[in-house]
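J.: Handing over my_file.txt, compact mmCIF, C-alpha atoms.
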```
# COMPACT_ATOMS: atom_id res chain seq x y z
CA ILE X 1412 13.83 7.67 -0.11
CA ASN X 1413 16.05 9.36 -2.64
CA GLY X 1414 13.86 10.97 -5.27
CA PHE X 1415 10.62 10.24 -7.08
CA ASP X 1416 12.03 7.29 -9.02
CA ARG X 1417 12.65 5.30 -5.85
CA LEU X 1418 9.29 6.40 -4.40
CA SER X 1419 7.53 5.35 -7.60
CA GLU X 1420 9.23 1.95 -7.48
CA LEU X 1421 8.18 1.34 -3.88
CA LEU X 1422 4.58 2.49 -4.32
CA ASN X 1423 4.07 0.53 -7.54
CA GLN X 1424 5.40 -2.54 -5.74
CA ALA X 1425 2.93 -1.93 -2.90
CA LEU X 1426 0.13 -1.43 -5.45
CA ASN X 1427 0.96 -4.73 -7.15
CA GLU X 1428 0.89 -6.52 -3.79
CA TYR X 1429 -2.44 -4.87 -2.95
CA ASN X 1430 -3.94 -5.99 -6.27
CA GLU X 1431 -2.76 -9.55 -5.67
CA ASN X 1432 -4.24 -9.79 -2.19
CA LEU X 1433 -7.31 -7.53 -2.35
CA ALA X 1434 -9.74 -6.09 -4.89
CA ALA X 1435 -7.65 -4.74 -7.76
CA MET X 1436 -7.27 -0.98 -8.19
CA ASP X 1437 -6.27 0.27 -11.63
CA LEU X 1438 -4.22 3.30 -10.60
CA VAL X 1439 -1.69 5.52 -12.34
CA LEU X 1440 0.77 6.80 -9.73
CA PHE X 1441 1.89 10.12 -11.17
CA GLY X 1442 3.78 12.71 -9.14
CA ASP X 1443 0.86 14.35 -7.33
CA ALA X 1444 -0.67 10.97 -6.47
CA MET X 1445 2.58 9.79 -4.88
CA CYS X 1446 2.77 13.02 -2.87
CA HIS X 1447 -0.76 12.43 -1.57
CA VAL X 1448 0.11 8.86 -0.56
CA GLY X 1449 3.16 10.18 1.30
CA LYS X 1450 1.05 12.79 3.13
CA ILE X 1451 -1.66 10.32 4.10
CA CYS X 1452 0.90 7.80 5.36
CA ARG X 1453 2.62 10.45 7.45
CA ILE X 1454 -0.71 11.56 8.95
CA ILE X 1455 -2.05 8.12 9.86
CA MET X 1456 1.26 7.03 11.40
CA SER X 1457 0.98 9.80 13.99
CA THR X 1458 -1.14 9.65 17.17
CA PRO X 1459 -3.90 10.64 16.66
CA GLY X 1460 -3.81 11.17 12.91
CA HIS X 1461 -6.90 11.71 10.79
CA PRO X 1462 -6.60 13.01 7.19
CA LEU X 1463 -9.35 15.14 5.70
CA LEU X 1464 -9.10 14.69 1.93
CA VAL X 1465 -10.86 17.54 0.14
CA GLY X 1466 -11.42 17.18 -3.59
CA VAL X 1467 -13.98 16.54 -6.30
CA GLY X 1468 -15.22 13.09 -7.26
CA GLY X 1469 -12.80 10.85 -9.12
CA SER X 1470 -9.68 12.60 -7.88
CA GLY X 1471 -8.42 9.43 -6.16
CA ARG X 1472 -9.17 10.15 -2.51
CA GLN X 1473 -10.54 6.69 -1.69
CA SER X 1474 -8.08 4.70 -3.80
CA LEU X 1475 -5.05 6.52 -2.44
CA SER X 1476 -6.39 6.13 1.11
CA ARG X 1477 -6.64 2.37 0.60
CA LEU X 1478 -3.11 2.20 -0.82
CA SER X 1479 -1.75 4.30 2.06
CA SER X 1480 -3.50 2.10 4.60
CA TYR X 1481 -2.08 -1.05 2.97
CA THR X 1482 1.40 0.50 2.88
CA CYS X 1483 1.17 1.16 6.64
CA GLN X 1484 -0.12 -2.40 7.20
CA TYR X 1485 -3.51 -1.21 8.44
CA ILE X 1486 -6.92 -2.76 7.87
CA THR X 1487 -9.24 -0.56 5.79
CA MET X 1488 -12.88 -0.58 6.86
CA MET X 1489 -15.92 1.21 5.43
CA ILE X 1490 -19.58 1.27 6.30
CA VAL X 1491 -22.00 -0.14 3.72
CA ILE X 1492 -24.99 2.14 3.29
CA SER X 1493 -28.35 0.48 2.66
CA GLY X 1494 -31.97 1.52 2.84
CA ASN X 1495 -32.30 0.66 6.52
CA TYR X 1496 -28.82 1.74 7.67
CA GLY X 1497 -29.20 3.95 10.73
CA MET X 1498 -27.59 4.93 14.03
CA ASN X 1499 -27.72 1.41 15.48
CA GLU X 1500 -25.93 -0.03 12.44
CA LEU X 1501 -23.29 2.70 12.61
CA LYS X 1502 -22.83 1.97 16.31
CA GLY X 1503 -22.31 -1.72 15.53
CA ASP X 1504 -19.71 -0.94 12.84
CA LEU X 1505 -17.87 1.42 15.18
CA GLN X 1506 -17.84 -1.20 17.93
CA ALA X 1507 -16.26 -3.69 15.50
CA MET X 1508 -13.54 -1.14 14.65
CA TYR X 1509 -13.00 -0.34 18.31
CA THR X 1510 -12.57 -4.03 19.08
CA LYS X 1511 -9.87 -4.39 16.42
CA ALA X 1512 -8.06 -1.18 17.35
CA GLY X 1513 -8.52 -1.13 21.14
CA VAL X 1514 -8.72 -4.78 22.20
CA LYS X 1515 -6.72 -6.57 19.49
CA ASP X 1516 -4.27 -3.64 19.13
CA GLU X 1517 -4.48 -3.66 15.29
CA GLY X 1518 -4.08 -0.68 12.99
CA VAL X 1519 -7.39 0.31 11.38
CA MET X 1520 -8.28 2.97 8.81
CA PHE X 1521 -11.94 4.00 8.82
CA LEU X 1522 -12.60 5.35 5.30
CA PHE X 1523 -15.63 7.62 5.35
CA THR X 1524 -17.07 9.78 2.55
CA ASP X 1525 -19.62 12.57 2.58
CA GLY X 1526 -21.80 10.45 0.31
CA GLN X 1527 -22.31 8.05 3.24
CA ILE X 1528 -23.85 10.72 5.45
CA THR X 1529 -27.48 9.68 5.01
CA ASN X 1530 -28.23 10.99 8.50
CA GLU X 1531 -26.56 14.11 9.89
CA LYS X 1532 -26.62 12.48 13.34
CA PHE X 1533 -23.83 10.18 12.09
CA LEU X 1534 -21.49 13.15 12.51
CA VAL X 1535 -22.16 13.29 16.26
CA TYR X 1536 -20.30 9.98 16.67
CA ILE X 1537 -17.68 10.97 14.08
CA ASN X 1538 -17.05 14.26 15.89
CA ASP X 1539 -16.48 12.46 19.21
CA LEU X 1540 -14.21 9.89 17.56
CA LEU X 1541 -12.03 12.62 16.04
CA ALA X 1542 -11.97 14.81 19.14
CA SER X 1543 -11.19 12.29 21.88
CA GLY X 1544 -11.86 8.75 20.67
CA ASP X 1545 -14.35 8.31 23.53
CA ILE X 1546 -17.80 8.20 21.94
CA ALA X 1547 -20.64 8.78 24.38
CA ASP X 1548 -23.33 6.06 24.48
CA LEU X 1549 -21.33 3.73 22.23
CA TYR X 1550 -21.19 1.02 24.91
CA ALA X 1551 -23.53 -0.07 27.68
CA SER X 1552 -22.07 -0.45 31.18
CA ASP X 1553 -21.78 -4.25 30.95
CA GLU X 1554 -20.02 -3.94 27.55
CA LYS X 1555 -17.54 -1.53 29.10
CA ASP X 1556 -16.78 -4.06 31.85
CA ALA X 1557 -16.09 -6.73 29.21
CA ILE X 1558 -13.71 -4.37 27.43
CA ARG X 1559 -11.89 -3.55 30.66
CA ASN X 1560 -11.35 -7.25 31.30
CA ALA X 1561 -10.12 -7.75 27.73
CA VAL X 1562 -7.41 -5.07 28.03
CA ARG X 1563 -6.44 -5.83 31.63
CA SER X 1564 -3.39 -7.92 30.70
CA GLY X 1565 -2.12 -5.29 28.28
CA CYS X 1566 -2.62 -2.57 30.86
CA LYS X 1567 -0.66 -4.52 33.49
CA GLY X 1568 2.04 -5.26 30.93
CA ALA X 1569 2.45 -1.51 30.42
CA GLY X 1570 2.99 -1.06 34.14
CA ILE X 1571 -0.33 0.70 34.77
CA GLN X 1572 -2.50 -0.10 37.77
CA ASP X 1573 -5.66 -1.89 36.61
CA THR X 1574 -8.29 0.38 38.11
CA PRO X 1575 -11.55 0.71 36.11
CA GLU X 1576 -10.67 4.27 35.08
CA ASN X 1577 -7.12 3.34 34.06
CA LEU X 1578 -8.33 0.34 32.07
CA TRP X 1579 -10.79 2.46 30.13
CA MET X 1580 -8.22 5.19 29.45
CA PHE X 1581 -5.77 2.50 28.31
CA PHE X 1582 -8.43 1.27 25.87
CA ILE X 1583 -9.11 4.81 24.58
CA GLY X 1584 -5.37 5.39 24.25
CA ARG X 1585 -5.12 2.38 21.97
CA ILE X 1586 -8.04 3.72 19.94
CA ARG X 1587 -6.29 7.05 19.43
CA LYS X 1588 -3.08 5.27 18.44
CA ASN X 1589 -4.54 2.60 16.15
CA LEU X 1590 -7.82 3.91 14.70
CA HIS X 1591 -7.48 6.57 12.00
CA MET X 1592 -10.30 8.14 10.02
CA SER X 1593 -9.78 9.11 6.41
CA LEU X 1594 -12.52 11.58 5.52
CA ALA X 1595 -13.15 12.09 1.80
CA PHE X 1596 -15.23 15.24 1.40
CA SER X 1597 -16.15 17.36 -1.61
CA PRO X 1598 -15.78 21.17 -1.46
CA VAL X 1599 -18.66 21.64 -3.92
CA GLY X 1600 -21.66 23.42 -2.44
CA ASP X 1601 -22.26 24.49 1.16
CA ALA X 1602 -22.52 21.06 2.79
CA MET X 1603 -18.91 20.82 3.95
CA ARG X 1604 -18.88 24.38 5.32
CA ASN X 1605 -22.13 23.89 7.25
CA ARG X 1606 -20.97 20.57 8.70
CA ALA X 1607 -17.66 22.07 9.79
CA LYS X 1608 -19.57 24.76 11.71
CA LYS X 1609 -21.79 22.24 13.50
CA PHE X 1610 -19.07 19.64 14.11
CA PRO X 1611 -15.77 21.51 14.56
CA ALA X 1612 -13.66 18.36 15.07
CA LEU X 1613 -14.06 17.67 11.33
CA VAL X 1614 -11.57 20.49 10.77
CA ASN X 1615 -9.88 21.08 14.14
CA CYS X 1616 -8.86 17.45 14.73
CA THR X 1617 -7.88 16.51 11.17
CA VAL X 1618 -5.06 17.35 8.78
CA ILE X 1619 -6.43 18.73 5.51
CA ASP X 1620 -4.99 17.47 2.23
CA TRP X 1621 -6.36 19.34 -0.78
CA PHE X 1622 -6.70 17.34 -3.99
CA GLN X 1623 -6.05 19.90 -6.70
CA PRO X 1624 -7.00 19.44 -10.39
CA TRP X 1625 -4.80 16.93 -12.20
CA PRO X 1626 -1.89 18.54 -14.07
CA MET X 1627 -1.39 17.98 -17.80
CA ASP X 1628 1.33 15.36 -17.35
CA ALA X 1629 -0.96 13.37 -15.02
CA LEU X 1630 -3.76 13.48 -17.59
CA TYR X 1631 -1.33 12.34 -20.27
CA ASN X 1632 -0.03 9.45 -18.15
CA VAL X 1633 -3.56 8.30 -17.30
CA GLY X 1634 -4.62 8.43 -20.94
CA GLN X 1635 -1.47 6.60 -22.01
CA LYS X 1636 -2.15 3.72 -19.62
CA PHE X 1637 -5.83 3.24 -20.43
CA LEU X 1638 -5.37 3.56 -24.20
CA ALA X 1639 -2.35 1.24 -24.30
CA PRO X 1640 -4.43 -1.97 -24.83
CA ILE X 1641 -6.10 -0.56 -27.98
CA GLU X 1642 -4.07 -2.16 -30.75
CA GLN X 1643 -5.96 -0.29 -33.50
CA LEU X 1644 -4.16 2.94 -32.56
CA GLY X 1645 -0.89 1.47 -33.77
CA PRO X 1646 2.47 1.05 -32.01
CA GLN X 1647 3.32 3.06 -28.93
CA ASP X 1648 5.41 5.51 -30.97
CA SER X 1649 3.01 5.88 -33.91
CA PRO X 1650 1.93 9.46 -34.85
CA THR X 1651 -1.75 8.47 -34.63
CA ARG X 1652 -1.46 7.23 -31.05
CA GLN X 1653 0.68 10.19 -30.00
CA GLY X 1654 -1.79 12.62 -31.52
CA ILE X 1655 -4.70 11.04 -29.61
CA LEU X 1656 -2.71 11.00 -26.37
CA ASP X 1657 -1.88 14.68 -26.79
CA PHE X 1658 -5.47 15.58 -27.64
CA MET X 1659 -7.04 13.95 -24.55
CA PRO X 1660 -5.46 16.30 -21.95
CA TYR X 1661 -5.90 19.26 -24.30
CA SER X 1662 -9.64 18.60 -24.71
CA PHE X 1663 -10.07 18.28 -20.94
CA GLU X 1664 -8.24 21.55 -20.28
CA ALA X 1665 -10.21 23.30 -23.05
CA SER X 1666 -13.47 22.11 -21.49
CA GLY X 1667 -12.35 23.52 -18.14
CA GLU X 1668 -11.60 26.90 -19.70
CA GLN X 1669 -14.99 26.95 -21.42
CA ALA X 1670 -16.62 26.09 -18.10
CA LYS X 1671 -15.12 29.28 -16.65
CA VAL X 1672 -16.54 31.31 -19.56
CA PHE X 1673 -19.90 29.58 -19.08
CA MET X 1674 -19.84 30.54 -15.40
CA ALA X 1675 -19.00 34.17 -16.20
CA VAL X 1676 -21.71 34.52 -18.83
CA GLU X 1677 -24.52 32.27 -17.60
CA ARG X 1678 -23.77 32.25 -13.86
CA ARG X 1679 -24.04 28.47 -13.84
CA PHE X 1680 -21.48 25.86 -12.85
CA ALA X 1681 -20.25 23.17 -15.24
CA TYR X 1682 -17.73 20.98 -13.48
CA THR X 1683 -14.90 19.12 -15.21
CA THR X 1684 -13.51 16.56 -12.78
CA PRO X 1685 -10.98 13.72 -13.06
CA LYS X 1686 -13.98 11.41 -13.19
CA SER X 1687 -15.12 13.26 -16.32
CA PHE X 1688 -11.72 12.60 -17.91
CA LEU X 1689 -11.90 8.89 -17.06
CA GLU X 1690 -15.42 8.75 -18.53
CA LEU X 1691 -14.11 10.43 -21.69
CA ILE X 1692 -11.44 7.75 -22.10
CA LYS X 1693 -13.99 5.01 -21.40
CA LEU X 1694 -16.37 6.46 -23.98
CA TYR X 1695 -13.61 6.80 -26.58
CA THR X 1696 -12.45 3.22 -25.96
CA SER X 1697 -15.97 1.83 -26.38
CA LYS X 1698 -16.55 3.89 -29.53
CA VAL X 1699 -13.30 2.67 -31.09
CA GLY X 1700 -14.31 -0.90 -30.33
CA GLN X 1701 -17.75 -0.40 -31.87
CA LYS X 1702 -16.37 1.22 -35.03
CA VAL X 1703 -13.75 -1.49 -35.48
CA ASP X 1704 -16.40 -4.20 -35.09
CA ALA X 1705 -18.65 -2.45 -37.60
CA LEU X 1706 -15.82 -2.16 -40.14
CA GLU X 1707 -14.94 -5.82 -39.63
CA ASP X 1708 -18.58 -6.77 -40.34
CA GLN X 1709 -18.59 -4.70 -43.51
CA LYS X 1710 -15.33 -6.24 -44.61
CA ASP X 1711 -16.69 -9.75 -44.06
CA ARG X 1712 -19.78 -8.94 -46.13
CA LEU X 1713 -17.59 -7.82 -49.02
```
Could you take the file, read its structure, and then write that structure out as structure tokens?
T.:
Amino acid sequence: INGFDRLSELLNQALNEYNENLAAMDLVLFGDAMCHVGKICRIIMSTPGHPLLVGVGGSGRQSLSRLSSYTCQYITMMIVISGNYGMNELKGDLQAMYTKAGVKDEGVMFLFTDGQITNEKFLVYINDLLASGDIADLYASDEKDAIRNAVRSGCKGAGIQDTPENLWMFFIGRIRKNLHMSLAFSPVGDAMRNRAKKFPALVNCTVIDWFQPWPMDALYNVGQKFLAPIEQLGPQDSPTRQGILDFMPYSFEASGEQAKVFMAVERRFAYTTPKSFLELIKLYTSKVGQKVDALEDQKDRL
């Protein structure tokens, strides 16, 4: 790929295909976002490859993981947390992923966030998956026999003698090749540090990709896209629209600087995250709509 222009063309094409076939993602692929997609793709195409995406909420970890998985022609799977979701439900979801990756020989990305850790015991299975792919107590003995029979033909086709041990190692080898975890964790607080101490595979068996704060040009591009449908701001080159587009990143950066002062003076954190910026644009868009509707009502009364 020769340069960012070609990379942008390819990734936007992949994003359009994703939106046509799956749930639409409204993404702005600026430079840093494209670099993250490239890193995640490179990680999950290796054996075994598990990215650990560290960043604050709204920085694009989940969306870019889904796009990377789609680009590599993998199936993206997540667990759905509910009030009664426990170890047995997690075991069932993992068995479904293992069937796709180990028996059907399909590429699978398991997207997992720290917000889904409702029980710290979940990380026992996750630690084993990252370290070796062989999770203790995931299968009963009769289920293991069924898996061995399911992969027997593939094992023979690879020229490996179909002993019970070889069949199981062939299955685990497929898991390590096809099943990739994308862990989206937040560095805020002590939770990530404490979990890394208790479950070392979270760090030792993953490749860390840090999601840094969005640069000014990324903020500008995001604001430009989401404010483009607002006709009341005038044409794309109007001074009013340009002034608003310039002010959005400036206000976000100014808030971040004031948060540092607040921390120094009050010893309290006030986080400004990409999600905050998106909420700012959403709030501004809704307010513009409300004011325009109010003015239209007043005009009709006159």
J.: Within 8 Å of (-8.4, 6.6, 8.9), in the coordinates the file gives, what residues turn up when you count only C-alpha atoms, written out as an MDAnalysis selection string?
T.: chainID X and resid 1455 1460:1462 1480 1487 1519:1522 1590:1594
J.: Taking into account only C-alpha atoms, which residue in the set X:Asn1615, X:Phe1533, X:Pro1575, X:Leu1440 is nearest to Ser1552 of chain X?
T.: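 For Ser1552 of chain X, the nearest of the candidates is X:Pro1575.
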J.: Calculate how many Å separate atom CA of Arg1472 of chain X from atom CA of Leu1418 of chain X, rounding to one decimal.
T.: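 Atom-to-atom, atom CA of Arg1472 of chain X to atom CA of Leu1418 of chain X, that is 18.9 Å.
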J.: Expressed in Å to a single decimal, how great is the separation between atom CA of Ile1490 of chain X and atom CA of Leu1505 of chain X?
T.: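 Taking atom CA of Ile1490 of chain X as the start and atom CA of Leu1505 of chain X as the end point, the length is 9.0 Å.
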J.: With a distance cut-off of 12 Å and only C-alpha atoms, select the neighbouring residues of Lys1532 of chain X, excluding the residue or stretch itself and same-chain residues fewer than 4 positions from it, and output the selection as a PyMOL selection string.
T.: chain X and resi 1497-1499+1501-1502+1527-1528+1536-1539+1606+1609-1610
J.: Could you work out how far atom CA of Asp1516 of chain X lies from atom CA of Gly1544 of chain X, giving the answer in Å with one decimal?
T.: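 So the answer is 14.6 Å.
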J.: So, counting only C-alpha atoms, which residue among X:Leu1578, X:Trp1621, X:Phe1637, X:Ala1435 is closest to Leu1464 of chain X?
T.: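 Selected residue with least distance to Leu1464 of chain X: X:Trp1621.
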J.: So, counting only C-alpha atoms, which residue among X:Lys1698, X:Lys1636, X:Arg1712, X:Lys1686 is closest to Gly1466 of chain X?
T.: X:Lys1686
J.: Residues within 12 Å of Leu1438 of chain X, please, as a list in words. Count all atoms listed in the file; anything in the same chain fewer than 3 positions from it doesn't count.
T.: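 Counting only the stated atoms, we get Leu1422, Asn1423, Ala1425, Leu1426, Asn1427, Tyr1429, Asn1430, Ala1435, Phe1441, Ala1444, Met1445, Gly1469, Ser1470, Gly1471, Arg1472, Gln1473, Ser1474, Leu1475, Arg1477, Leu1478, Ala1629, Asn1632, Val1633, Gly1634, Lys1636, Phe1637 and Leu1689 of chain X.
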J.: Could you check which residues have any atom within 12 Å of (-14.9, -7.3, 14.2), counting all atoms listed in the file with coordinates taken straight from the file, and then list them as a PyMOL selection string?
T.: chain X and resi 1486+1488+1503-1515+1517+1519
J.: Within 12 Å of Gly1700 of chain X, counting only C-alpha atoms, which residues qualify if same-chain residues fewer than 4 places away don't, as an NGL selection string?
T.: :X and (1638 or 1640-1644 or 1693-1696 or 1704-1707)
J.: With all atoms listed in the file as the counted atoms, please give the residues lying no more than 8 Å from Thr1458 of chain X, apart from itself and same-chain residues fewer than 3 positions off, as a list in words.
T.: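 These residues fall inside the cut-off: Ile1455, Arg1587, Lys1588 and Asn1589 of chain X.
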J.: Tell me which of X:Ala1557, X:Ile1692, X:Ala1595, X:Leu1541 sits closest to Thr1524 of chain X, counting all atoms listed in the file.
T.: X:Ala1595
J.: Could you check which of X:Lys1710, X:Arg1563, X:Arg1652, X:Arg1585 is closest to Ser1543 of chain X, using all atoms listed in the file?
T.: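 Residue with the minimum atom-to-atom distance to Ser1543 of chain X: X:Arg1585.
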J.: Enclose all atoms of segment 1669-1684 of chain X listed in the file in an axis-aligned box, grow every side by 6 Å, and hand back centre and edge lengths in Å to one decimal, as lines of an AutoDock Vina configuration file.
T.:
```
center_x = -19.0
center_y = 25.5
center_z = -17.1
size_x = 23.0
size_y = 30.0
size_z = 20.6
```
J.: Measuring between all atoms listed in the file, which one of X:Gln1484, X:Ala1602, X:Phe1582, X:Glu1554 shows the shortest distance to Asp1525 of chain X?
T.: X:Ala1602
